[in-house]
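Trainee: After the structure tokens below, expect a handful of questions from me.
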Amino acid sequence: MSNIAPNSPTDTAALLLDELRSVRRGADALAGLAPESYARSHAAFERLSDQRDLIAEHVTARLAGMGDGPISVLSVGCGDGSLDARLAASLVQGVPGRAVRYVGIDPWPGSAELFTAKMAALEATELDSHAYVASFDDSPVDETFDVVMFVHSMYYVADLRATLRAALGLLRPGGELWVAIAPTAALNALVEVLAPPLEGHRQWFSADVEKAFVDAEITVDDVVTLDALVDLAAASDEVLDFSVQARLTPELRVPVRAYLDAVSVPDAVGGQRVPHPVDVFAATRLR
């Protein structure tokens, strides 16, 4: 027997999600997000969330624990460099004079250009940075790194197991692979219902990545969950589309907003926010 109270927000959310599944069952896939609008709405989404700060704090601490010598980082799906510039600055400032190599990969030229500009704006002579416009599978990277990280980019790869193995192959012995990816929590339950397939597969989430590590026979050192919140109460339609990874039709916006309201929780200042945790997997190349 269910312990959920009748007419609770959880009941309402489950009902709304079931209704959306029913509406979408057998329907043509919704349109995906164009690269330019994806980048723009992603930036707007991050301004409503505390997740980037949590990731930056977590990764900065991991980087600080890697010693004082020269360090190299590959960021797969670097986007506009907003996170990576913070991490690169922490490396340069944390150990003055240390050589830092920081490489980004992103399939959209506009993001790669912004990444390059943000790195240049640091004006750090110790920092050697570069951006490739490519997918991970097609990137011309021919060097090895101390850290390879995927921050919210593992959703889109075609083959998780092959990608993890290839990423591990780009590490020096003792180097670390970090994958930050969301679980199928309240927000991503909408993505599973509404997002169009990606090159023949659905978007992956943390349970898929966990299984892929096992299938690839790569030992995971640890998994840390960062409990983030995002304020979607007054999100624009474009940010709403980004949240569900699909171009919503007008008739879908009302139930989607109602669902987000039902899954929201109180924040520290009396508002309502949607939980959107992220799991960070870490693995080490042993030899």
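A note on labels: chains of the structure tokens are A, B, ... as shown, every chain counts residues from 1, and ligands are counted from 1 in their shown order.
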Each residue of region 100-201 of chain A lying at most 10 Å from region 60-80 of chain A should get a row with its shortest atom-to-atom pair and the distance in Å to one decimal, counting only C-alpha atoms; could you produce that, ordered by chain and increasing number, as JSON lines?

Mentor:
{"residue": "A:Val100", "atom": "CA", "partner": "A:Ile71", "partner_atom": "CA", "distance": 5.2}
{"residue": "A:Arg101", "atom": "CA", "partner": "A:Ser72", "partner_atom": "CA", "distance": 4.4}
{"residue": "A:Tyr102", "atom": "CA", "partner": "A:Val73", "partner_atom": "CA", "distance": 4.8}
{"residue": "A:Val103", "atom": "CA", "partner": "A:Leu74", "partner_atom": "CA", "distance": 4.8}
{"residue": "A:Gly104", "atom": "CA", "partner": "A:Ser75", "partner_atom": "CA", "distance": 4.8}
{"residue": "A:Ile105", "atom": "CA", "partner": "A:Val76", "partner_atom": "CA", "distance": 5.0}
{"residue": "A:Asp106", "atom": "CA", "partner": "A:Gly77", "partner_atom": "CA", "distance": 4.7}
{"residue": "A:Pro107", "atom": "CA", "partner": "A:Gly77", "partner_atom": "CA", "distance": 7.6}
{"residue": "A:Trp108", "atom": "CA", "partner": "A:Gly79", "partner_atom": "CA", "distance": 8.1}
{"residue": "A:Pro109", "atom": "CA", "partner": "A:Gly79", "partner_atom": "CA", "distance": 9.6}
{"residue": "A:Gly110", "atom": "CA", "partner": "A:Asp80", "partner_atom": "CA", "distance": 7.8}
{"residue": "A:Ser111", "atom": "CA", "partner": "A:Asp80", "partner_atom": "CA", "distance": 4.4}
{"residue": "A:Ala112", "atom": "CA", "partner": "A:Asp80", "partner_atom": "CA", "distance": 6.4}
{"residue": "A:Glu113", "atom": "CA", "partner": "A:Asp80", "partner_atom": "CA", "distance": 7.5}
{"residue": "A:Leu114", "atom": "CA", "partner": "A:Asp80", "partner_atom": "CA", "distance": 4.8}
{"residue": "A:Phe115", "atom": "CA", "partner": "A:Asp80", "partner_atom": "CA", "distance": 4.6}
{"residue": "A:Thr116", "atom": "CA", "partner": "A:Asp80", "partner_atom": "CA", "distance": 8.3}
{"residue": "A:Ala117", "atom": "CA", "partner": "A:Asp80", "partner_atom": "CA", "distance": 8.9}
{"residue": "A:Lys118", "atom": "CA", "partner": "A:Asp80", "partner_atom": "CA", "distance": 7.9}
{"residue": "A:Glu126", "atom": "CA", "partner": "A:Pro70", "partner_atom": "CA", "distance": 9.7}
{"residue": "A:Leu127", "atom": "CA", "partner": "A:Ser72", "partner_atom": "CA", "distance": 9.8}
{"residue": "A:Asp128", "atom": "CA", "partner": "A:Ser72", "partner_atom": "CA", "distance": 9.2}
{"residue": "A:Ser129", "atom": "CA", "partner": "A:Val73", "partner_atom": "CA", "distance": 9.4}
{"residue": "A:His130", "atom": "CA", "partner": "A:Leu74", "partner_atom": "CA", "distance": 9.7}
{"residue": "A:Ala131", "atom": "CA", "partner": "A:Cys78", "partner_atom": "CA", "distance": 8.6}
{"residue": "A:Tyr132", "atom": "CA", "partner": "A:Val76", "partner_atom": "CA", "distance": 9.7}
{"residue": "A:Val133", "atom": "CA", "partner": "A:Gly77", "partner_atom": "CA", "distance": 9.8}
{"residue": "A:Ala134", "atom": "CA", "partner": "A:Gly77", "partner_atom": "CA", "distance": 9.2}
{"residue": "A:Ser135", "atom": "CA", "partner": "A:Gly77", "partner_atom": "CA", "distance": 8.0}
{"residue": "A:Phe136", "atom": "CA", "partner": "A:Val76", "partner_atom": "CA", "distance": 6.7}
{"residue": "A:Ser139", "atom": "CA", "partner": "A:Val76", "partner_atom": "CA", "distance": 9.8}
{"residue": "A:Val141", "atom": "CA", "partner": "A:Leu74", "partner_atom": "CA", "distance": 9.3}
{"residue": "A:Glu143", "atom": "CA", "partner": "A:Leu74", "partner_atom": "CA", "distance": 9.8}
{"residue": "A:Thr144", "atom": "CA", "partner": "A:Ser72", "partner_atom": "CA", "distance": 8.1}
{"residue": "A:Phe145", "atom": "CA", "partner": "A:Ser72", "partner_atom": "CA", "distance": 5.1}
{"residue": "A:Asp146", "atom": "CA", "partner": "A:Ser72", "partner_atom": "CA", "distance": 5.3}
{"residue": "A:Val147", "atom": "CA", "partner": "A:Val73", "partner_atom": "CA", "distance": 4.8}
{"residue": "A:Val148", "atom": "CA", "partner": "A:Leu74", "partner_atom": "CA", "distance": 4.7}
{"residue": "A:Met149", "atom": "CA", "partner": "A:Ser75", "partner_atom": "CA", "distance": 5.1}
{"residue": "A:Phe150", "atom": "CA", "partner": "A:Val76", "partner_atom": "CA", "distance": 5.1}
{"residue": "A:Val151", "atom": "CA", "partner": "A:Gly77", "partner_atom": "CA", "distance": 7.0}
{"residue": "A:His152", "atom": "CA", "partner": "A:Gly77", "partner_atom": "CA", "distance": 7.5}
{"residue": "A:Ser153", "atom": "CA", "partner": "A:Gly77", "partner_atom": "CA", "distance": 5.3}
{"residue": "A:Met154", "atom": "CA", "partner": "A:Gly77", "partner_atom": "CA", "distance": 8.4}
{"residue": "A:Tyr156", "atom": "CA", "partner": "A:Gly77", "partner_atom": "CA", "distance": 9.8}
{"residue": "A:Ala167", "atom": "CA", "partner": "A:Val76", "partner_atom": "CA", "distance": 9.4}
{"residue": "A:Leu170", "atom": "CA", "partner": "A:Leu74", "partner_atom": "CA", "distance": 8.9}
{"residue": "A:Leu171", "atom": "CA", "partner": "A:Leu74", "partner_atom": "CA", "distance": 9.4}
{"residue": "A:Arg172", "atom": "CA", "partner": "A:Ser72", "partner_atom": "CA", "distance": 9.9}
{"residue": "A:Gly174", "atom": "CA", "partner": "A:Met66", "partner_atom": "CA", "distance": 10.0}
{"residue": "A:Gly175", "atom": "CA", "partner": "A:Met66", "partner_atom": "CA", "distance": 9.3}
{"residue": "A:Glu176", "atom": "CA", "partner": "A:Met66", "partner_atom": "CA", "distance": 9.6}
{"residue": "A:Leu177", "atom": "CA", "partner": "A:Leu74", "partner_atom": "CA", "distance": 9.6}
{"residue": "A:Trp178", "atom": "CA", "partner": "A:Ser75", "partner_atom": "CA", "distance": 9.7}
{"residue": "A:Val179", "atom": "CA", "partner": "A:Val76", "partner_atom": "CA", "distance": 9.7}

Trainee: Which residues are close to region 248-260 of chain A, i.e. within 9 Å by only C-alpha atoms, leaving aside same-chain residues fewer than 5 positions away? Reply as a list of chain:residue names.

Mentor: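 Contacts, in chain order: A:Thr12, A:Ala13, A:Ala14, A:Leu15, A:Leu16, A:Leu17, A:Glu19, A:Leu20, A:Leu30, A:Ala31, A:Ala186, A:Leu187, A:Leu190, A:Leu194, A:Leu232, A:Ala233, A:Asp237, A:Leu240, A:Asp241, A:Arg273, A:Val274.
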
Trainee: Suppose we keep N, CA, C and O atoms; can you now write the selection as a CSV table (one decimal), in the first residue's frame?

Mentor:
chain,number,residue,atom,x,y,z
A,12,THR,N,0.4,14.5,-7.9
A,12,THR,CA,0.1,15.4,-9.0
A,12,THR,C,1.2,15.2,-10.0
A,12,THR,O,0.9,15.2,-11.2
A,13,ALA,N,2.4,15.2,-9.6
A,13,ALA,CA,3.5,15.1,-10.6
A,13,ALA,C,3.5,13.8,-11.3
A,13,ALA,O,3.6,13.8,-12.6
A,14,ALA,N,3.2,12.7,-10.6
A,14,ALA,CA,3.1,11.4,-11.3
A,14,ALA,C,2.0,11.4,-12.3
A,14,ALA,O,2.1,10.8,-13.4
A,15,LEU,N,0.8,12.0,-11.9
A,15,LEU,CA,-0.3,12.0,-12.9
A,15,LEU,C,0.0,12.9,-14.1
A,15,LEU,O,-0.3,12.4,-15.2
A,16,LEU,N,0.6,14.0,-13.9
A,16,LEU,CA,1.0,14.9,-15.0
A,16,LEU,C,2.0,14.2,-16.0
A,16,LEU,O,1.9,14.3,-17.2
A,17,LEU,N,2.9,13.5,-15.4
A,17,LEU,CA,3.9,12.8,-16.2
A,17,LEU,C,3.3,11.6,-17.0
A,17,LEU,O,3.6,11.4,-18.2
A,19,GLU,N,0.2,11.6,-18.0
A,19,GLU,CA,-0.6,12.3,-19.0
A,19,GLU,C,0.3,12.7,-20.2
A,19,GLU,O,-0.1,12.5,-21.4
A,20,LEU,N,1.5,13.2,-19.9
A,20,LEU,CA,2.4,13.6,-20.9
A,20,LEU,C,2.9,12.3,-21.7
A,20,LEU,O,3.0,12.4,-23.0
A,30,LEU,N,9.5,15.4,-31.1
A,30,LEU,CA,9.6,16.8,-31.0
A,30,LEU,C,10.9,17.3,-31.7
A,30,LEU,O,11.9,16.5,-31.7
A,31,ALA,N,11.0,18.5,-32.1
A,31,ALA,CA,12.2,19.0,-32.7
A,31,ALA,C,13.2,19.2,-31.6
A,31,ALA,O,12.9,19.5,-30.4
A,186,ALA,N,13.6,14.1,-11.0
A,186,ALA,CA,12.4,14.6,-11.4
A,186,ALA,C,12.5,15.4,-12.8
A,186,ALA,O,11.6,15.2,-13.6
A,187,LEU,N,13.5,16.2,-12.9
A,187,LEU,CA,13.6,17.0,-14.1
A,187,LEU,C,13.9,16.1,-15.3
A,187,LEU,O,13.2,16.3,-16.4
A,190,LEU,N,11.2,14.2,-17.3
A,190,LEU,CA,10.6,14.9,-18.5
A,190,LEU,C,11.4,14.7,-19.7
A,190,LEU,O,10.8,14.5,-20.8
A,194,LEU,N,10.1,13.5,-23.4
A,194,LEU,CA,9.9,14.6,-24.4
A,194,LEU,C,11.1,14.7,-25.4
A,194,LEU,O,10.8,15.2,-26.5
A,232,LEU,N,12.9,27.4,-11.9
A,232,LEU,CA,12.3,27.4,-13.2
A,232,LEU,C,10.9,28.0,-13.1
A,232,LEU,O,10.1,27.9,-14.1
A,233,ALA,N,10.5,28.6,-12.0
A,233,ALA,CA,9.2,29.1,-11.8
A,233,ALA,C,8.8,30.2,-12.9
A,233,ALA,O,7.7,30.2,-13.4
A,237,ASP,N,10.3,30.5,-22.2
A,237,ASP,CA,10.0,29.3,-23.0
A,237,ASP,C,11.3,28.7,-23.5
A,237,ASP,O,11.4,27.5,-23.6
A,240,LEU,N,12.8,26.7,-20.8
A,240,LEU,CA,12.0,25.6,-20.6
A,240,LEU,C,12.3,24.5,-21.6
A,240,LEU,O,12.4,23.3,-21.3
A,241,ASP,N,12.5,24.9,-22.9
A,241,ASP,CA,12.9,23.9,-23.9
A,241,ASP,C,14.2,23.3,-23.6
A,241,ASP,O,14.4,22.1,-23.7
A,273,ARG,N,12.2,25.6,-5.9
A,273,ARG,CA,13.1,25.3,-6.9
A,273,ARG,C,13.0,23.8,-7.3
A,273,ARG,O,12.6,23.0,-6.4
A,274,VAL,N,13.4,23.5,-8.5
A,274,VAL,CA,13.4,22.1,-8.9
A,274,VAL,C,14.7,21.4,-8.6
A,274,VAL,O,15.8,21.9,-9.0

Trainee: Just the residues within 9 Å of Val278 (chain A), please, counting only C-alpha atoms, with nothing from its chain fewer than 5 positions along; format it as a VMD selection string.

Mentor: chain A and resid 51 55 152 180 to 183 206 224 to 228

Trainee: Mind the document's chain letters and residue numbers, and return as a VMD selection string the residues of region 54-264 of chain A that DSSP labels strand (DSSP E or B).

Mentor: chain A and resid 71 to 76 100 to 106 127 to 133 145 to 151 171 to 181 198 201 222 to 226 229 to 230 247

Trainee: Please determine, counting only C-alpha atoms, which residue among A:Arg202, A:Arg86, A:His276, A:Arg287 has the shortest atom-to-atom distance to Ala29 (chain A).

Mentor: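 Smallest distance to Ala29 (chain A) is found for A:Arg202.
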
Trainee: How many Å separate CA of Ile218 (chain A) from CA of Ala283 (chain A)?

Mentor: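 Rounded to one decimal, the two atoms are 7.3 Å apart.
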
Trainee: Please extract the residues of region 13-213 of chain A with a backbone DSSP assignment of helix (DSSP H, G or I) and present them as a ChimeraX atom specification.

Mentor: /A:13-24,35-47,51-64,82-94,109-121,154-156,160-169,186-194,206-213
